[in-house]
Amino acid sequence: EDLYGVKRWGAGYFSIGEHGNIQISPNHRKPDVYIDMAEVLAEMEAEGIQFPAVIRFHDILRSQVEILNETFRDTIETAGYEGEYVGVYPIKVNQMREVVEEIMDAGEPYNYGLEAGSKPELMAVMAYNENPDALTILNGYKDEDYLTMALLGRHLGRKMIVVVEKFSELEMLVRLSKKYKVDPMIGLRSKMMVRSTGKWSSSSGDRAKFGLSIAEIVNAMEYLKQHDMLHCAKLLHFHIGSQISDIRKVKEAITEGARLYAKMVQMGMPLEYLDIGGGLGIDYDGSSTTTDSSRNYSTDEYVADVVYGVKQICDLEKVAHPNLVSESGRAITAHHSLVVTNVVGEINPGATDFDITVEEGEHVLVSNMRELVGANDLHPQERFNDAAAYKQSAYEAFKLGILSIREMAKIDTMYWLVLTEIHQKLDEETRQIQELEELEDTLASQYLANMSIFQSAADTWAIGQLLPIVPLTRLHEKPEVRVSIADITCDSDGKIGKYIENNSISDNIPMHRLQRGESYPIGMFLTGAYQDVMGDMHNLFGRLTEVHIFSHDDEPGAFYIEEIVPGHSAEKVLETMQYNTDYMAKMVKKAIDKQIRKGNLAPREGVRWTDFYERCLAGSTYLRYDKKA
Ligand code: PLP
């Protein structure tokens, strides 16, 4: 039974192995070769790597690059399409150097290129896309330096296409290319009329942030003609938003974009490329439907709709088939990384041990609540109503000074006991009563995960994005408890609110009971797109340690840790906030020395405390729990 839907969202890369561990099949060409997650965790432990950590499966990155490029190639061939596919990877989705290098390496046979959306990203793509046959697409708002850098790229013989987002950029580009005596390759971004579904739908429509209106596109052509630069117009670009959940929106966008492309060519623009942007979705919740966290189509279907859609319109309009460019980032990177961490504690409102035996002269509210304990003959709803009413009255009485703190503690303890008993006795019929059904959530524990949602899963907090969370081991054991997952930031928002369970979305998730002395490792999956790089420094937790895994080609299931990138130390994150950690260490040492001089601390002890402070500065920002539940 696949309670957590691993197979559904795992896209062939993740499943549950026979020993109840997550297993990874990172190479799409070898679907029956698995890496056992328990072995990965053991290797990490042997290397002294602490939780939380990001694990990157580089073979998954390569697989995704190959799948996208080969699907386009095959479909183009089958369709008799006359252009080529020359995709680019938008580095904003994950700018990690190792990720970009791996993608470029895997994409080389396909002349797969890069996309940049800002000046620093442009600097990176200048250095990392040396292939003269691959495109470099330059999006985002631009200044003189940005455009001049693109012209440098032209001097270096690169296919750098500046995508004009607003008209003034075109004027600046024309002026600079005259100054530097080099022809730019120009793309025009169109504001699309089709509106996508989901969380990124504002990327199109009249009020979209980027792109030219149709009138501006016509003006751009006149402007280029006036400056004798019409031959530089090479590409039409559009992007209707990320994570397009409904394939019909893709079809609509292709129809609109291809028609516009054809009309621009007929008008006299010598375009060669049609760039359809990003948007290829990921099935995060495994439902294959149009929820915000899923999509109702496959990569094959997406590619077919693009290729056949553009072909049909260009044939009708008697315009040569353009080379196709797409800027898929999410689809390339989402699967390849996950955050692994351990549960370091449990918060359960009803778990406190407190003596509830009868005491002489106790308040009547205490004895009233006690009568409900074990009163299994009472109708559950009546029992629930009484317990809630007694608890409310008890709080009022406590506030007025009528109940003692011990009495209040007893009432609280008994209240949770009664709720637990009611919940255990619910049957088919009483479970239908809403208040009683909600007891499931009320009684759910919170498992404290050693991580920061703000650092590692920003979109779950910011826009309610769903990411699968699964115990990494013990998956052959039936989970006994329902919990929600909270992080270790001091922010009540630092929680996961939605979970995948049995092909639907729950407010809490079944997990195993924690066992003393044993670590309970959990994984947050599909974090490779955006989540890896968008995190913030809330509470100064900083970046996680990273483990880069490669599989051995000749030994099925074997892998090696190719690189360990240490996470931020406390020192490092403090320095980003302008602290001078040498000065801090000096100040703490001075305070310790003062206590030594006063005779309050032995010199030897003082040295130990000084060392301890310095060790913590150099140490991890996350909790240092190992084998503890
Ligand atoms: N291209 C542009 C212009 C974008 O704005 C984005 C992201 O929204 C992308 C490409 C990447 O999109 P995705 O991650 O959906 O593939």
# chains A, B, ... in the order shown; residues from 1 in each chain; ligands from 1
call {"tool": "residues_around", "arguments": {"residues": "Pro468 of chain A", "least_positions_apart": "4", "cutoff": "10 Å", "atoms": "only C-alpha atoms", "output": "JSON, numbers by chain"}}
result
{"A": [4, 5, 6, 9, 10, 284, 285, 286, 338, 498, 499, 500, 501, 523, 524, 525, 526, 527]}
call {"tool": "write_last_selection", "arguments": {"atoms": "N, CA and C atoms", "output": "tab-separated table (two decimals), in the first residue's frame"}}
result
chain	number	residue	atom	x	y	z
A	4	TYR	N	1.61	7.20	1.11
A	4	TYR	CA	2.10	8.56	0.87
A	4	TYR	C	2.15	8.92	-0.61
A	5	GLY	N	1.66	8.03	-1.44
A	5	GLY	CA	1.59	8.33	-2.88
A	5	GLY	C	2.94	8.41	-3.56
A	6	VAL	N	3.95	7.74	-2.98
A	6	VAL	CA	5.32	7.89	-3.49
A	6	VAL	C	5.41	7.56	-4.98
A	9	TRP	N	3.75	10.52	-7.27
A	9	TRP	CA	4.51	11.74	-7.53
A	9	TRP	C	5.99	11.45	-7.81
A	10	GLY	N	6.39	10.20	-7.60
A	10	GLY	CA	7.81	9.86	-7.73
A	10	GLY	C	8.31	9.84	-9.17
A	284	TYR	N	3.20	17.38	-8.07
A	284	TYR	CA	3.66	17.34	-6.68
A	284	TYR	C	2.74	16.49	-5.80
A	285	ASP	N	1.43	16.55	-6.07
A	285	ASP	CA	0.53	15.80	-5.18
A	285	ASP	C	0.16	14.42	-5.73
A	286	GLY	N	0.65	14.11	-6.90
A	286	GLY	CA	0.43	12.78	-7.46
A	286	GLY	C	-0.97	12.54	-7.98
A	338	LEU	N	16.18	16.55	-2.45
A	338	LEU	CA	15.24	16.48	-1.34
A	338	LEU	C	15.95	16.90	-0.07
A	498	LYS	N	-0.27	21.00	4.74
A	498	LYS	CA	-0.98	20.07	3.87
A	498	LYS	C	-0.09	18.87	3.55
A	499	TYR	N	-0.73	17.71	3.53
A	499	TYR	CA	0.03	16.48	3.32
A	499	TYR	C	-0.70	15.59	2.31
A	500	ILE	N	0.09	14.73	1.68
A	500	ILE	CA	-0.51	13.79	0.74
A	500	ILE	C	-0.77	12.48	1.46
A	501	GLU	N	-2.00	12.00	1.37
A	501	GLU	CA	-2.32	10.72	1.99
A	501	GLU	C	-3.38	10.03	1.14
A	523	GLY	N	11.84	12.75	4.81
A	523	GLY	CA	12.31	13.47	3.64
A	523	GLY	C	11.24	14.40	3.12
A	524	MET	N	11.65	15.57	2.70
A	524	MET	CA	10.75	16.47	1.99
A	524	MET	C	11.23	16.45	0.55
A	525	PHE	N	10.36	15.98	-0.33
A	525	PHE	CA	10.79	15.67	-1.69
A	525	PHE	C	10.44	16.80	-2.68
A	526	LEU	N	11.02	16.67	-3.86
A	526	LEU	CA	10.75	17.57	-5.00
A	526	LEU	C	11.08	19.03	-4.66
A	527	THR	N	12.20	19.22	-3.97
A	527	THR	CA	12.58	20.58	-3.57
A	527	THR	C	13.61	21.20	-4.52
call {"tool": "residues_around", "arguments": {"residues": "Ser201 of chain A", "least_positions_apart": "3", "cutoff": "12 Å", "atoms": "only C-alpha atoms", "output": "list in words"}}
result
Met192, Met193, Val194, Arg195, Ser196, Thr197, Gly198, Ser204, Gly205, Asp206, Arg207, Ala208, Lys209, His239, Ile240, Gly241, Ser242, Gln243, Ile244, Ser245, Asp246, Lys249, Gly279 and Asp292 of chain A
call {"tool": "closest_atom_pairs", "arguments": {"of": "chain A", "to": "ligand 1", "cutoff": "7 Å", "atoms": "only C-alpha atoms and all ligand atoms", "output": "tab-separated table"}}
result
residue	atom	partner	partner_atom_place_in_ligand_line	distance
A:Pro90	CA	ligand 1	10 (C)	5.7
A:Val93	CA	ligand 1	14 (O)	6.1
A:Asn139	CA	ligand 1	3 (C)	6.3
A:His239	CA	ligand 1	3 (C)	5.5
A:Gly241	CA	ligand 1	8 (O)	5.4
A:Ser242	CA	ligand 1	15 (O)	3.3
A:Gln243	CA	ligand 1	15 (O)	5.0
A:Gly277	CA	ligand 1	1 (N)	4.6
A:Gly278	CA	ligand 1	12 (O)	3.5
A:Gly279	CA	ligand 1	15 (O)	3.4
A:Leu280	CA	ligand 1	16 (O)	5.4
A:Gly281	CA	ligand 1	15 (O)	6.4
A:Glu327	CA	ligand 1	10 (C)	4.6
A:Ser328	CA	ligand 1	16 (O)	3.3
A:Gly329	CA	ligand 1	16 (O)	3.8
A:Arg330	CA	ligand 1	14 (O)	3.7
A:Ala331	CA	ligand 1	16 (O)	5.9
call {"tool": "select_by_dssp", "arguments": {"residues": "segment 297-501 of chain A", "states": "alpha helix (DSSP H)", "output": "MDAnalysis selection string"}}
result
chainID A and resid 299:317 330:333 364:372 380:399 405:425 434:437 439:443 453:456 458:462
call {"tool": "closest_residue", "arguments": {"among": "A:Met264, A:Ile411, A:Ile422, A:Val319", "to": "Leu439 of chain A", "atoms": "only C-alpha atoms"}}
result
A:Ile422
call {"tool": "residues_around", "arguments": {"residues": "Gln95 of chain A", "least_positions_apart": "5", "cutoff": "12 Å", "atoms": "only C-alpha atoms", "output": "MDAnalysis selection string"}}
result
chainID A and resid 89:90 100:103 114:118 120:125 128 329 333 528:534
call {"tool": "write_last_selection", "arguments": {"atoms": "N, CA and C atoms", "output": "short mmCIF file (atom, residue, chain, number, x, y, z; two decimals), in the first residue's frame"}}
result
data_model
loop_
_atom_site.label_atom_id
_atom_site.label_comp_id
_atom_site.auth_asym_id
_atom_site.auth_seq_id
_atom_site.Cartn_x
_atom_site.Cartn_y
_atom_site.Cartn_z
N TYR A 89 17.89 26.24 -20.07
CA TYR A 89 17.55 26.05 -18.66
C TYR A 89 17.61 27.42 -17.97
N PRO A 90 16.50 27.87 -17.37
CA PRO A 90 16.49 29.16 -16.68
C PRO A 90 17.14 29.02 -15.31
N VAL A 100 23.95 23.74 -12.45
CA VAL A 100 24.09 24.32 -13.79
C VAL A 100 25.13 23.53 -14.60
N GLU A 101 26.24 23.18 -13.95
CA GLU A 101 27.28 22.42 -14.66
C GLU A 101 26.75 21.06 -15.13
N GLU A 102 26.01 20.41 -14.25
CA GLU A 102 25.49 19.08 -14.61
C GLU A 102 24.51 19.19 -15.77
N ILE A 103 23.67 20.20 -15.72
CA ILE A 103 22.67 20.37 -16.78
C ILE A 103 23.36 20.67 -18.11
N LEU A 114 21.26 28.16 -21.79
CA LEU A 114 20.89 28.72 -20.49
C LEU A 114 20.08 30.00 -20.66
N GLU A 115 19.30 30.29 -19.63
CA GLU A 115 18.54 31.54 -19.62
C GLU A 115 18.91 32.30 -18.36
N ALA A 116 19.04 33.63 -18.50
CA ALA A 116 19.33 34.47 -17.33
C ALA A 116 18.23 35.51 -17.20
N GLY A 117 17.94 35.91 -15.97
CA GLY A 117 16.88 36.91 -15.76
C GLY A 117 17.36 38.12 -15.00
N SER A 118 18.68 38.19 -14.75
CA SER A 118 19.21 39.34 -14.00
C SER A 118 20.69 39.47 -14.33
N PRO A 120 23.48 39.36 -12.31
CA PRO A 120 24.37 38.31 -11.80
C PRO A 120 24.14 36.97 -12.50
N GLU A 121 22.90 36.69 -12.88
CA GLU A 121 22.65 35.43 -13.61
C GLU A 121 23.31 35.49 -14.98
N LEU A 122 23.29 36.68 -15.58
CA LEU A 122 23.95 36.83 -16.89
C LEU A 122 25.45 36.57 -16.77
N MET A 123 26.05 37.07 -15.68
CA MET A 123 27.49 36.82 -15.48
C MET A 123 27.75 35.32 -15.42
N ALA A 124 26.85 34.60 -14.73
CA ALA A 124 27.05 33.15 -14.60
C ALA A 124 26.89 32.47 -15.96
N VAL A 125 25.87 32.83 -16.72
CA VAL A 125 25.65 32.12 -17.99
C VAL A 125 26.73 32.47 -19.01
N TYR A 128 29.37 29.99 -18.15
CA TYR A 128 29.07 28.56 -18.19
C TYR A 128 28.43 28.06 -19.48
N GLY A 329 12.25 25.06 -16.22
CA GLY A 329 13.17 24.99 -15.09
C GLY A 329 12.67 24.01 -14.06
N THR A 333 14.45 20.43 -12.74
CA THR A 333 15.16 20.33 -11.45
C THR A 333 14.36 19.78 -10.27
N GLY A 528 13.91 20.51 -5.62
CA GLY A 528 15.00 20.96 -6.50
C GLY A 528 14.70 22.23 -7.28
N ALA A 529 13.43 22.53 -7.49
CA ALA A 529 13.08 23.74 -8.24
C ALA A 529 12.65 24.84 -7.27
N TYR A 530 13.29 25.94 -7.34
CA TYR A 530 12.99 27.15 -6.56
C TYR A 530 13.28 26.97 -5.06
N GLN A 531 12.76 25.90 -4.41
CA GLN A 531 12.88 25.78 -2.95
C GLN A 531 14.35 25.77 -2.52
N ASP A 532 15.17 25.09 -3.29
CA ASP A 532 16.59 24.99 -2.97
C ASP A 532 17.28 26.33 -2.85
N VAL A 533 16.80 27.31 -3.59
CA VAL A 533 17.55 28.56 -3.68
C VAL A 533 16.77 29.79 -3.22
N MET A 534 15.49 29.64 -2.94
CA MET A 534 14.71 30.84 -2.59
C MET A 534 14.66 31.09 -1.10
#
call {"tool": "atom_distance", "arguments": {"atom1": "atom CA of Tyr81 of chain A", "atom2": "atom CA of Gln312 of chain A"}}
result
9.7 Å
call {"tool": "residues_around", "arguments": {"residues": "segment 475-490 of chain A", "least_positions_apart": "2", "cutoff": "7 Å", "atoms": "only C-alpha atoms", "output": "PyMOL selection string"}}
result
chain A and resi 19-21+444-453+473+492+494-496+508-513+539
call {"tool": "select_by_dssp", "arguments": {"residues": "segment 469-594 of chain A", "states": "strand (DSSP E)", "output": "ChimeraX atom specification"}}
result
/A:469-471,481-486,499-501,504-506,509-511,521-524,545-551,559-565
call {"tool": "closest_residue", "arguments": {"among": "A:Glu169, A:Asp143, A:Glu272, A:Asp183", "to": "Met229 of chain A", "atoms": "only C-alpha atoms"}}
result
A:Asp183
call {"tool": "atom_distance", "arguments": {"atom1": "atom CA of Lys234 of chain A", "atom2": "atom CA of Arg97 of chain A"}}
result
29.2 Å
call {"tool": "closest_residue", "arguments": {"among": "A:Thr71, A:Asn503, A:Asn376, A:Ser25", "to": "Gln424 of chain A", "atoms": "only C-alpha atoms"}}
result
A:Asn376
call {"tool": "closest_residue", "arguments": {"among": "A:Lys589, A:Ile214, A:Gln23, A:Asp353", "to": "Leu41 of chain A", "atoms": "only C-alpha atoms"}}
result
A:Gln23
call {"tool": "residues_around", "arguments": {"residues": "segment 157-168 of chain A", "least_positions_apart": "2", "cutoff": "7 Å", "atoms": "only C-alpha atoms", "output": "PyMOL selection string"}}
result
chain A and resi 132-141+150+153-155+170-172+185-189+210-212
call {"tool": "atom_distance", "arguments": {"atom1": "atom CA of Tyr395 of chain A", "atom2": "atom CA of Met408 of chain A"}}
result
7.6 Å
call {"tool": "closest_residue", "arguments": {"among": "A:Glu440, A:Ser298, A:Tyr613, A:Ala258", "to": "Lys586 of chain A", "atoms": "only C-alpha atoms"}}
result
A:Tyr613
call {"tool": "residues_around", "arguments": {"residues": "Met369 of chain A", "least_positions_apart": "3", "cutoff": "8 Å", "atoms": "only C-alpha atoms", "output": "ChimeraX atom specification"}}
result
/A:365-366,372-373,387,390,411,414-415
